[in-house]
file model.cif (mmCIF, C-alpha atoms)
data_entry
loop_
_atom_site.label_atom_id
_atom_site.label_comp_id
_atom_site.auth_asym_id
_atom_site.auth_seq_id
_atom_site.Cartn_x
_atom_site.Cartn_y
_atom_site.Cartn_z
CA LYS A 1 -28.54 -18.72 -21.40
CA GLN A 2 -25.05 -19.07 -19.95
CA GLU A 3 -22.95 -21.77 -21.63
CA VAL A 4 -19.75 -22.92 -19.93
CA THR A 5 -17.10 -24.89 -21.78
CA GLN A 6 -14.00 -26.55 -20.35
CA ILE A 7 -10.99 -27.55 -22.38
CA PRO A 8 -9.41 -30.06 -22.40
CA ALA A 9 -11.92 -32.72 -21.37
CA ALA A 10 -9.10 -34.89 -20.02
CA LEU A 11 -5.46 -34.39 -19.16
CA SER A 12 -2.74 -36.81 -18.11
CA VAL A 13 0.58 -35.49 -16.81
CA PRO A 14 3.60 -36.84 -14.93
CA GLU A 15 3.98 -35.88 -11.29
CA GLY A 16 5.60 -32.49 -10.80
CA GLU A 17 4.31 -30.94 -13.99
CA ASN A 18 2.18 -27.79 -13.83
CA LEU A 19 -1.48 -28.08 -14.85
CA VAL A 20 -3.42 -25.52 -16.89
CA LEU A 21 -7.20 -25.93 -17.06
CA ASN A 22 -9.31 -23.65 -19.20
CA CYS A 23 -12.88 -22.45 -18.82
CA SER A 24 -14.87 -20.20 -21.13
CA PHE A 25 -18.35 -18.73 -20.73
CA THR A 26 -20.67 -16.95 -23.13
CA ASP A 27 -22.30 -14.26 -20.98
CA SER A 28 -19.87 -11.85 -19.29
CA ALA A 29 -22.56 -10.52 -16.89
CA ILE A 30 -21.46 -12.78 -14.07
CA TYR A 31 -21.55 -12.44 -10.28
CA ASN A 32 -18.61 -14.73 -9.56
CA LEU A 33 -16.82 -17.83 -10.79
CA GLN A 34 -16.02 -20.90 -8.70
CA TRP A 35 -13.66 -23.78 -9.34
CA PHE A 36 -14.60 -27.11 -7.79
CA ARG A 37 -12.95 -30.49 -7.44
CA GLN A 38 -15.03 -33.65 -7.80
CA ASP A 39 -13.73 -37.11 -6.96
CA PRO A 40 -15.50 -40.11 -8.55
CA GLY A 41 -18.97 -40.62 -7.08
CA LYS A 42 -18.45 -37.81 -4.59
CA GLY A 43 -19.63 -34.28 -3.92
CA LEU A 44 -18.14 -30.98 -5.02
CA THR A 45 -15.34 -29.34 -3.06
CA SER A 46 -14.95 -25.61 -3.58
CA LEU A 47 -11.35 -24.71 -4.45
CA LEU A 48 -11.41 -21.04 -5.35
CA LEU A 49 -13.93 -18.28 -5.86
CA ILE A 50 -13.22 -15.20 -7.96
CA GLN A 51 -15.53 -12.24 -7.68
CA SER A 52 -16.51 -10.55 -10.94
CA SER A 53 -14.41 -7.50 -9.97
CA GLN A 54 -11.27 -9.59 -9.34
CA ARG A 55 -8.63 -10.73 -11.84
CA GLU A 56 -6.95 -13.44 -9.80
CA GLN A 57 -7.24 -15.61 -6.71
CA THR A 58 -4.63 -17.86 -5.10
CA SER A 59 -4.72 -20.68 -2.58
CA GLY A 60 -1.56 -22.68 -1.98
CA ARG A 61 -0.53 -24.36 -5.24
CA LEU A 62 -3.71 -23.19 -6.96
CA ASN A 63 -4.10 -19.97 -8.88
CA ALA A 64 -7.17 -18.93 -10.85
CA SER A 65 -7.44 -16.00 -13.22
CA LEU A 66 -10.52 -14.32 -14.61
CA ASP A 67 -10.90 -12.24 -17.76
CA LYS A 68 -14.55 -11.33 -17.65
CA SER A 69 -14.59 -9.30 -20.85
CA SER A 70 -13.32 -12.21 -22.92
CA GLY A 71 -15.31 -14.79 -20.95
CA ARG A 72 -12.35 -16.85 -19.76
CA SER A 73 -10.90 -18.29 -16.60
CA THR A 74 -7.82 -20.44 -16.13
CA LEU A 75 -6.95 -22.66 -13.19
CA TYR A 76 -3.24 -23.31 -12.65
CA ILE A 77 -2.07 -26.09 -10.38
CA ALA A 78 1.64 -25.96 -9.65
CA ALA A 79 3.85 -29.01 -9.12
CA SER A 80 1.08 -31.56 -9.57
CA GLN A 81 0.83 -34.60 -7.28
CA PRO A 82 -1.00 -37.93 -7.72
CA GLY A 83 -3.49 -36.71 -5.10
CA ASP A 84 -4.53 -33.95 -7.53
CA SER A 85 -6.11 -36.58 -9.77
CA ALA A 86 -9.82 -35.67 -9.98
CA THR A 87 -12.34 -33.87 -12.15
CA TYR A 88 -12.16 -30.08 -11.97
CA LEU A 89 -15.37 -28.15 -12.60
CA CYS A 90 -15.74 -24.50 -13.49
CA ALA A 91 -19.03 -22.85 -12.47
CA VAL A 92 -20.24 -19.36 -13.25
CA ALA A 93 -22.77 -17.56 -11.05
CA SER A 94 -25.24 -15.21 -12.65
CA ASN A 95 -26.62 -12.21 -10.77
CA ASP A 96 -29.31 -14.42 -9.22
CA TYR A 97 -26.48 -16.60 -7.78
CA LYS A 98 -27.42 -19.78 -9.66
CA LEU A 99 -24.39 -21.68 -10.96
CA SER A 100 -23.91 -22.85 -14.55
CA PHE A 101 -21.35 -25.63 -14.74
CA GLY A 102 -18.92 -26.81 -17.35
CA ALA A 103 -18.54 -30.50 -18.10
CA GLY A 104 -15.21 -30.62 -16.30
CA THR A 105 -11.62 -31.56 -16.99
CA THR A 106 -10.57 -34.98 -15.72
CA VAL A 107 -6.98 -34.86 -14.54
CA THR A 108 -4.70 -37.85 -14.03
CA VAL A 109 -1.31 -37.26 -12.43
CA ARG A 110 1.02 -40.20 -13.00
CA ALA A 111 3.50 -41.07 -10.27
CA GLU B 1 -15.38 -26.91 9.88
CA PRO B 2 -19.11 -26.52 9.16
CA GLU B 3 -20.41 -28.58 6.27
CA VAL B 4 -23.58 -29.33 4.35
CA THR B 5 -24.98 -32.78 5.06
CA GLN B 6 -27.44 -34.82 3.03
CA THR B 7 -29.50 -37.93 3.73
CA PRO B 8 -29.86 -40.57 2.54
CA SER B 9 -26.64 -41.13 0.62
CA HIS B 10 -28.44 -43.53 -1.73
CA GLN B 11 -32.16 -43.93 -2.39
CA VAL B 12 -33.70 -46.58 -4.58
CA THR B 13 -37.35 -46.14 -5.50
CA GLN B 14 -39.88 -47.45 -7.96
CA MET B 15 -41.25 -45.32 -10.78
CA GLY B 16 -44.29 -43.34 -9.64
CA GLN B 17 -43.28 -43.25 -5.99
CA GLU B 18 -42.67 -40.08 -4.00
CA VAL B 19 -39.21 -39.38 -2.59
CA ILE B 20 -37.95 -36.76 -0.18
CA LEU B 21 -34.29 -35.85 -0.16
CA ARG B 22 -33.03 -34.10 2.94
CA CYS B 23 -30.33 -31.55 3.49
CA VAL B 24 -28.95 -29.69 6.48
CA PRO B 25 -27.27 -26.49 5.23
CA ILE B 26 -24.51 -24.68 7.07
CA SER B 27 -26.15 -23.08 10.08
CA ASN B 28 -25.64 -19.37 9.40
CA HIS B 29 -26.34 -19.57 5.67
CA LEU B 30 -29.45 -17.97 4.22
CA TYR B 31 -29.47 -19.14 0.59
CA PHE B 32 -30.17 -22.73 -0.34
CA TYR B 33 -29.96 -24.58 -3.65
CA TRP B 34 -30.61 -27.94 -5.26
CA TYR B 35 -28.62 -29.18 -8.25
CA ARG B 36 -28.56 -32.53 -9.97
CA GLN B 37 -26.05 -34.46 -12.04
CA ILE B 38 -27.22 -37.22 -14.33
CA LEU B 39 -24.45 -39.81 -14.79
CA GLY B 40 -21.90 -38.56 -17.28
CA GLN B 41 -23.53 -35.14 -17.67
CA LYS B 42 -23.03 -31.62 -16.34
CA VAL B 43 -24.23 -30.49 -12.94
CA GLU B 44 -27.55 -28.67 -13.50
CA PHE B 45 -29.27 -26.04 -11.40
CA LEU B 46 -32.75 -26.96 -10.17
CA VAL B 47 -33.90 -24.34 -7.67
CA SER B 48 -32.76 -21.65 -5.25
CA PHE B 49 -34.52 -20.70 -2.02
CA TYR B 50 -34.26 -17.61 0.15
CA ASN B 51 -36.40 -16.10 2.87
CA ASN B 52 -38.77 -19.09 2.82
CA GLU B 53 -39.59 -18.89 -0.84
CA ILE B 54 -38.26 -19.98 -4.20
CA SER B 55 -35.97 -17.36 -5.76
CA GLU B 56 -35.26 -19.05 -9.07
CA LYS B 57 -36.10 -22.35 -10.69
CA SER B 58 -35.02 -24.03 -13.89
CA GLU B 59 -37.22 -25.57 -16.57
CA ILE B 60 -36.39 -28.96 -15.05
CA PHE B 61 -38.13 -27.96 -11.80
CA ASP B 62 -41.69 -28.66 -12.88
CA ASP B 63 -44.82 -29.37 -10.84
CA GLN B 64 -43.43 -32.76 -9.80
CA PHE B 65 -40.78 -31.03 -7.70
CA SER B 66 -41.17 -29.01 -4.53
CA VAL B 67 -38.87 -27.65 -1.84
CA GLU B 68 -39.49 -26.89 1.78
CA ARG B 69 -37.70 -25.64 4.85
CA PRO B 70 -39.84 -27.36 7.48
CA ASP B 71 -37.82 -26.12 10.44
CA GLY B 72 -34.78 -24.00 11.21
CA SER B 73 -32.26 -26.57 10.01
CA ASN B 74 -33.60 -28.85 7.28
CA PHE B 75 -34.12 -28.15 3.59
CA THR B 76 -35.93 -30.79 1.55
CA LEU B 77 -36.52 -31.64 -2.10
CA LYS B 78 -39.63 -33.68 -2.87
CA ILE B 79 -40.31 -35.47 -6.12
CA ARG B 80 -43.99 -36.43 -6.19
CA SER B 81 -44.06 -39.15 -8.82
CA THR B 82 -40.61 -40.28 -9.85
CA LYS B 83 -39.69 -41.12 -13.43
CA LEU B 84 -36.78 -43.17 -14.74
CA GLU B 85 -35.14 -39.98 -15.98
CA ASP B 86 -35.06 -38.58 -12.43
CA SER B 87 -32.23 -41.01 -11.67
CA ALA B 88 -29.28 -38.77 -10.82
CA MET B 89 -27.06 -37.48 -8.05
CA TYR B 90 -28.83 -34.64 -6.24
CA PHE B 91 -26.69 -32.03 -4.52
CA CYS B 92 -27.77 -29.51 -1.94
CA ALA B 93 -25.76 -26.32 -1.50
CA SER B 94 -25.90 -23.27 0.71
CA SER B 95 -24.32 -19.84 0.76
CA ALA B 96 -24.14 -16.80 3.00
CA ALA B 97 -24.17 -13.18 1.99
CA ARG B 98 -21.01 -12.58 3.99
CA ALA B 99 -18.75 -10.20 2.07
CA ARG B 100 -21.25 -10.58 -0.77
CA SER B 101 -19.27 -13.52 -2.15
CA HIS B 102 -22.11 -16.06 -2.14
CA GLU B 103 -19.60 -18.88 -2.28
CA GLN B 104 -21.66 -22.06 -2.50
CA TYR B 105 -20.81 -25.06 -0.34
CA PHE B 106 -22.05 -28.41 -1.54
CA GLY B 107 -23.14 -31.50 0.33
CA PRO B 108 -21.94 -35.01 -0.56
CA GLY B 109 -25.07 -35.73 -2.60
CA THR B 110 -27.88 -38.27 -2.65
CA ARG B 111 -27.78 -40.83 -5.41
CA LEU B 112 -31.37 -41.45 -6.54
CA THR B 113 -32.04 -44.59 -8.54
CA VAL B 114 -35.52 -44.98 -10.04
CA THR B 115 -36.37 -48.49 -11.23
#
call {"tool": "encode", "arguments": {"input": "model.cif", "output": "structure tokens"}}
result
Amino acid sequence: KQEVTQIPAALSVPEGENLVLNCSFTDSAIYNLQWFRQDPGKGLTSLLLIQSSQREQTSGRLNASLDKSSGRSTLYIAASQPGDSATYLCAVASNDYKLSFGAGTTVTVRA
Amino acid sequence: EPEVTQTPSHQVTQMGQEVILRCVPISNHLYFYWYRQILGQKVEFLVSFYNNEISEKSEIFDDQFSVERPDGSNFTLKIRSTKLEDSAMYFCASSAARARSHEQYFGPGTRLTVT
């Protein structure tokens, strides 16, 4: 069974600082990995998807890396803003496409 | 931009009652999913659906649960006899096979409260 762990559970940074969010998974036989943003009481917004054959994916201030062999992904958010405050979820898709989620990292960016 | 929609946004029901949660996936998507998130816990996979049948289901998805695509646009999750522990946020998602990415797009969720 795929287990997904996210460290740290919470993070508080001043505005402008870069964010580094970590995700690890136990089974390297994955189809893809998605990073999501979740605001309190809301749905999940897809931020980035990395295919199992890719090492990196970028979108604006966001960059995600994938090291499948070691079971790790990292989400970098450059020059954080108060609007980046949310919970960030890592989800790993197995070959049948179902997603296994981590518990998330709750980010607070202080103005 | 196309999006997944879900109704209702909040459903309150009494224990033992049947509920139907509704979803409209993105129109050209072929794969559909239900997930749930109990307050303070991880998002959990319930079921996936493709080509008018269940592809995968988790151990949570027992005989009390069923899914249906009654027409070309809706995708529903039915819970036959709700229990207190069914209280959760239920998310519908859909994906296409375009470029084989299977990126999943989630709806805003239905908050189910069982009293």
call {"tool": "interface_residues", "arguments": {"input": "model.cif", "of": "chain A", "to": "chain B", "cutoff": "10 Å", "atoms": "all atoms listed in the file", "output": "compact mmCIF listing (two decimals) with C-alpha atoms, keeping the file's coordinate frame"}}
result
# COMPACT_ATOMS: atom_id res chain seq x y z
CA VAL A 4 -19.75 -22.92 -19.93
CA TYR A 31 -21.55 -12.44 -10.28
CA ASN A 32 -18.61 -14.73 -9.56
CA LEU A 33 -16.82 -17.83 -10.79
CA GLN A 34 -16.02 -20.90 -8.70
CA PHE A 36 -14.60 -27.11 -7.79
CA GLY A 41 -18.97 -40.62 -7.08
CA LYS A 42 -18.45 -37.81 -4.59
CA GLY A 43 -19.63 -34.28 -3.92
CA LEU A 44 -18.14 -30.98 -5.02
CA THR A 45 -15.34 -29.34 -3.06
CA SER A 46 -14.95 -25.61 -3.58
CA LEU A 48 -11.41 -21.04 -5.35
CA LEU A 49 -13.93 -18.28 -5.86
CA ILE A 50 -13.22 -15.20 -7.96
CA GLN A 51 -15.53 -12.24 -7.68
CA SER A 52 -16.51 -10.55 -10.94
CA LEU A 89 -15.37 -28.15 -12.60
CA ALA A 91 -19.03 -22.85 -12.47
CA ALA A 93 -22.77 -17.56 -11.05
CA ASP A 96 -29.31 -14.42 -9.22
CA TYR A 97 -26.48 -16.60 -7.78
CA LYS A 98 -27.42 -19.78 -9.66
CA LEU A 99 -24.39 -21.68 -10.96
CA SER A 100 -23.91 -22.85 -14.55
CA PHE A 101 -21.35 -25.63 -14.74
CA GLY A 102 -18.92 -26.81 -17.35
CA ALA A 103 -18.54 -30.50 -18.10
CA GLY A 104 -15.21 -30.62 -16.30
call {"tool": "resolve_selection", "arguments": {"input": "model.cif", "expression": "the PyMOL selection byres ((chain B and resi 66-70) around 9)", "output": "list in words"}}
result
Trp34, Val47, Phe49, Asn52, Glu53, Ile54, Phe61, Asp62, Asp63, Gln64, Phe65, Asp71, Gly72, Ser73, Asn74, Phe75, Thr76, Leu77, Lys78, Ile79 and Arg80 of chain B
call {"tool": "resolve_selection", "arguments": {"input": "model.cif", "expression": "the PyMOL selection byres ((chain B and resi 1-11) around 6)", "output": "list of chain:residue names"}}
result
B:Val12, B:Arg22, B:Cys23, B:Val24, B:Pro25, B:Ile26, B:Gly107, B:Thr110, B:Arg111, B:Leu112
call {"tool": "residues_around", "arguments": {"input": "model.cif", "residues": "Cys23 in chain A", "least_positions_apart": "4", "cutoff": "6 Å", "atoms": "only C-alpha atoms", "output": "list in words"}}
result
Thr5, Gln6, Arg72 and Ser73 of chain A
call {"tool": "residues_around", "arguments": {"input": "model.cif", "residues": "Lys83 in chain B", "least_positions_apart": "2", "cutoff": "6 Å", "atoms": "all atoms listed in the file", "output": "PyMOL selection string"}}
result
chain B and resi 15+85-86
call {"tool": "atom_distance", "arguments": {"input": "model.cif", "atom1": "CA of Ile60 in chain B", "atom2": "CA of Gly71 in chain A"}}
result
26.1 Å
call {"tool": "atom_distance", "arguments": {"input": "model.cif", "atom1": "CA of Ala88 in chain B", "atom2": "CA of Val19 in chain B"}}
result
12.9 Å
call {"tool": "atom_distance", "arguments": {"input": "model.cif", "atom1": "CA of Tyr88 in chain A", "atom2": "CA of Leu21 in chain B"}}
result
25.7 Å
call {"tool": "resolve_selection", "arguments": {"input": "model.cif", "expression": "the PyMOL selection byres ((chain A and resi 16) around 12)", "output": "PyMOL selection string"}}
result
chain A and resi 12-15+17-19+61+77-84+109-111
call {"tool": "closest_residue", "arguments": {"input": "model.cif", "among": "A:Val92, A:Thr87, A:Val107, A:Lys68", "to": "Pro40 in chain A", "atoms": "all atoms listed in the file"}}
result
A:Thr87
call {"tool": "decode", "arguments": {"input": "model.cif", "residues": "range 9-26 of chain A", "atoms": "N, CA, C and O atoms", "output": "short mmCIF file (atom, residue, chain, number, x, y, z; two decimals), in the first residue's frame"}}
result
data_model
loop_
_atom_site.label_atom_id
_atom_site.label_comp_id
_atom_site.auth_asym_id
_atom_site.auth_seq_id
_atom_site.Cartn_x
_atom_site.Cartn_y
_atom_site.Cartn_z
N ALA A 9 4.76 19.53 8.78
CA ALA A 9 3.30 19.59 8.82
C ALA A 9 2.82 21.03 8.73
O ALA A 9 1.73 21.29 8.21
N ALA A 10 3.64 21.96 9.22
CA ALA A 10 3.27 23.38 9.17
C ALA A 10 4.54 24.21 9.02
O ALA A 10 5.63 23.80 9.45
N LEU A 11 4.36 25.37 8.42
CA LEU A 11 5.48 26.23 8.09
C LEU A 11 5.00 27.67 8.12
O LEU A 11 3.96 27.99 7.53
N SER A 12 5.76 28.53 8.79
CA SER A 12 5.41 29.95 8.84
C SER A 12 6.64 30.74 8.42
O SER A 12 7.71 30.56 9.01
N VAL A 13 6.49 31.58 7.41
CA VAL A 13 7.63 32.32 6.88
C VAL A 13 7.24 33.78 6.65
O VAL A 13 6.05 34.09 6.44
N PRO A 14 8.22 34.70 6.66
CA PRO A 14 7.91 36.08 6.30
C PRO A 14 7.77 36.20 4.78
O PRO A 14 8.37 35.43 4.02
N GLU A 15 6.99 37.16 4.36
CA GLU A 15 6.78 37.41 2.94
C GLU A 15 8.12 37.58 2.22
O GLU A 15 9.04 38.23 2.74
N GLY A 16 8.21 37.00 1.04
CA GLY A 16 9.43 37.13 0.25
C GLY A 16 10.38 35.94 0.37
O GLY A 16 11.24 35.75 -0.50
N GLU A 17 10.20 35.17 1.43
CA GLU A 17 11.09 34.02 1.61
C GLU A 17 10.66 32.88 0.68
O GLU A 17 9.48 32.75 0.35
N ASN A 18 11.63 32.06 0.28
CA ASN A 18 11.32 30.90 -0.55
C ASN A 18 10.82 29.76 0.33
O ASN A 18 11.29 29.57 1.46
N LEU A 19 9.87 28.98 -0.20
CA LEU A 19 9.29 27.86 0.53
C LEU A 19 9.79 26.54 -0.06
O LEU A 19 9.90 26.41 -1.29
N VAL A 20 10.06 25.59 0.81
CA VAL A 20 10.47 24.25 0.39
C VAL A 20 9.58 23.24 1.11
O VAL A 20 9.64 23.13 2.34
N LEU A 21 8.77 22.52 0.35
CA LEU A 21 7.85 21.54 0.91
C LEU A 21 8.26 20.15 0.43
O LEU A 21 8.48 19.96 -0.77
N ASN A 22 8.32 19.22 1.35
CA ASN A 22 8.82 17.89 1.04
C ASN A 22 7.72 16.83 1.07
O ASN A 22 6.81 16.89 1.90
N CYS A 23 7.88 15.86 0.18
CA CYS A 23 6.92 14.76 0.07
C CYS A 23 7.73 13.48 -0.16
O CYS A 23 8.65 13.47 -0.98
N SER A 24 7.40 12.44 0.58
CA SER A 24 8.05 11.15 0.34
C SER A 24 6.98 10.07 0.19
O SER A 24 5.89 10.18 0.78
N PHE A 25 7.29 9.05 -0.59
CA PHE A 25 6.35 7.96 -0.82
C PHE A 25 7.09 6.63 -0.80
O PHE A 25 8.30 6.57 -1.07
N THR A 26 6.38 5.58 -0.44
CA THR A 26 7.04 4.30 -0.16
C THR A 26 7.18 3.40 -1.38
O THR A 26 8.11 2.59 -1.43
#
